[in-house]
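Asks: Quick one: structure below, then a few questions.
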Amino acid sequence: LLHDDVVDVAERRRGQPAACVVYGNAASIFAGDWLLVAALRRIAACGYDGLLDKMLAVIDEMIMAESLQLERRGRVVADRAEYFRIVEGKTAALFRWAMIAGGRTAGLDASCEAALERYGLHLGVAFQAVDDELDFAEGTGKDPLADLREGKMTFPLVVALEREPTLRAKLAALLADASPDRAELLAIASAVKATGALAATRALAEEHAQRAIEALAPLPAGAARDALETVALASLERQS
């Protein structure tokens with residue numbers, strides 16, 4: 001997250017000034033590097049076979065997805081396949097690893113571990129879809145319309161462009177402006193909402209939350225599975 005805010009030139013994180021605003025970019029990058037190394041050391045110290053290798057593969061996947069998103073930034077392309085490739089790499093990959101790690105440390109068998117990995121994938125997609133929806137909301141911990149200003153092709157934009165092709169030229173003009181004013185951003189946001197794209201994004205989040213819950217079927221019933229179901233449902237209700 002420290003690196004993310006530097007890359008995205010974000011000013012706020014969960015409603016508070018981002019670390020890069022308070023301490024500067026250099027301090028945020030070094031702190032992010034230190035935390036990553038500390039996390040990898042902890043994984044290695046646990047001694048569970050394959051977890052560190054899987055974490056390194058996930059970091060590679062996340063970097064590739066973030067690089068693809070960076071390459072596509074500011075390009076008005078309504079490509080669902082590309083959207084999911086980015087989301088599954090930059091967000092869902094880490095959720096998947098966390099579930100694999102939990103299953104392995106709990107001593108679950110391969111089928112349960114695979115079920116948890118599927119759960120993590122769908123939970124990650126649901127989480128990102130809600131994040132995309134929150135970009136168009138007021139009063140959240142995010143800077144409103146931050147993703148739109150940065151030229152990220154979030155799911156609402158992909159859907160809106162599919163449903164209203166005339167938005168393409170307007171969006172391209174907005175992204176070509178280095179300092180778009182708030183009125184321009186709000187006009188695009190209003191046009192996106194008018195296509196029903198936010199409702200489609202909410203439906204996507206709900207679909208993947210449900211698929212996450214369904215993925216838990218092979219796991220034994222009990223408090224742990226109930227807690228994971230609650231997490232999937234709660235992901236739909238977050239406000240920041």
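In the structure tokens, the first chain shown is A, the next is B, and so on; residue numbers restart at 1 for each chain, and ligands run from 1 in the order shown.
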Just list the residues in chain A DSSP gives strand (DSSP E) on the backbone, as a ChimeraX atom specification.

Replies: /A:12-13,16-17

Asks: Produce a file of the selected residues containing N, CA, C and O atoms, as a PDB file, in the first residue's frame.

Replies:
ATOM      1  N   ARG A  12      -4.691  10.330  -0.085  1.00  0.00           N
ATOM      2  CA  ARG A  12      -5.359   9.837   1.118  1.00  0.00           C
ATOM      3  C   ARG A  12      -5.438   8.318   1.099  1.00  0.00           C
ATOM      4  O   ARG A  12      -5.525   7.704   0.042  1.00  0.00           O
ATOM      5  N   ARG A  13      -5.422   7.755   2.279  1.00  0.00           N
ATOM      6  CA  ARG A  13      -5.547   6.308   2.453  1.00  0.00           C
ATOM      7  C   ARG A  13      -6.484   6.083   3.638  1.00  0.00           C
ATOM      8  O   ARG A  13      -6.200   6.516   4.735  1.00  0.00           O
ATOM      9  N   GLN A  16      -7.358   9.157   5.660  1.00  0.00           N
ATOM     10  CA  GLN A  16      -6.274   9.903   6.297  1.00  0.00           C
ATOM     11  C   GLN A  16      -5.208  10.253   5.261  1.00  0.00           C
ATOM     12  O   GLN A  16      -5.124   9.605   4.218  1.00  0.00           O
ATOM     13  N   PRO A  17      -4.384  11.284   5.530  1.00  0.00           N
ATOM     14  CA  PRO A  17      -3.305  11.604   4.582  1.00  0.00           C
ATOM     15  C   PRO A  17      -2.405  10.395   4.358  1.00  0.00           C
ATOM     16  O   PRO A  17      -2.020   9.711   5.309  1.00  0.00           O
TER      17      PRO A  17
END

Asks: Which neighbours of Gly74 of chain A fall inside 12 Å, counting only C-alpha atoms, when residues of the same chain fewer than 2 positions from it are skipped, and could you give them as a list in words?

Replies: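 That gives Gln69, Leu70, Glu71, Arg72, Val76, Val77, Ala78, Asp147, Leu148, Arg149, Glu150, Gly151, Lys152, Met153, Thr154, Leu157, Arg168, Leu171, Ala172, Ala173, Leu174, Leu175, Ala176, Asp177 and Ala178 of chain A.
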
Asks: Ser28 of chain A: which residues within 10 Å, counting only C-alpha atoms, same-chain residues fewer than 2 positions away excluded, as number ranges by chain?

Replies: A: 1-6, 18-26, 30-34

Asks: Please report the interatomic distance between atom CA of His208 of chain A and atom CA of Ala126 of chain A in Å with one decimal.

Replies: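 Computing the Euclidean distance for atom CA of His208 of chain A and atom CA of Ala126 of chain A yields 5.3 Å.
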
Asks: Have a look at atom CA of Leu233 of chain A and atom CA of Leu123 of chain A and let me know their distance in Å, one decimal.

Replies: 9.4 Å
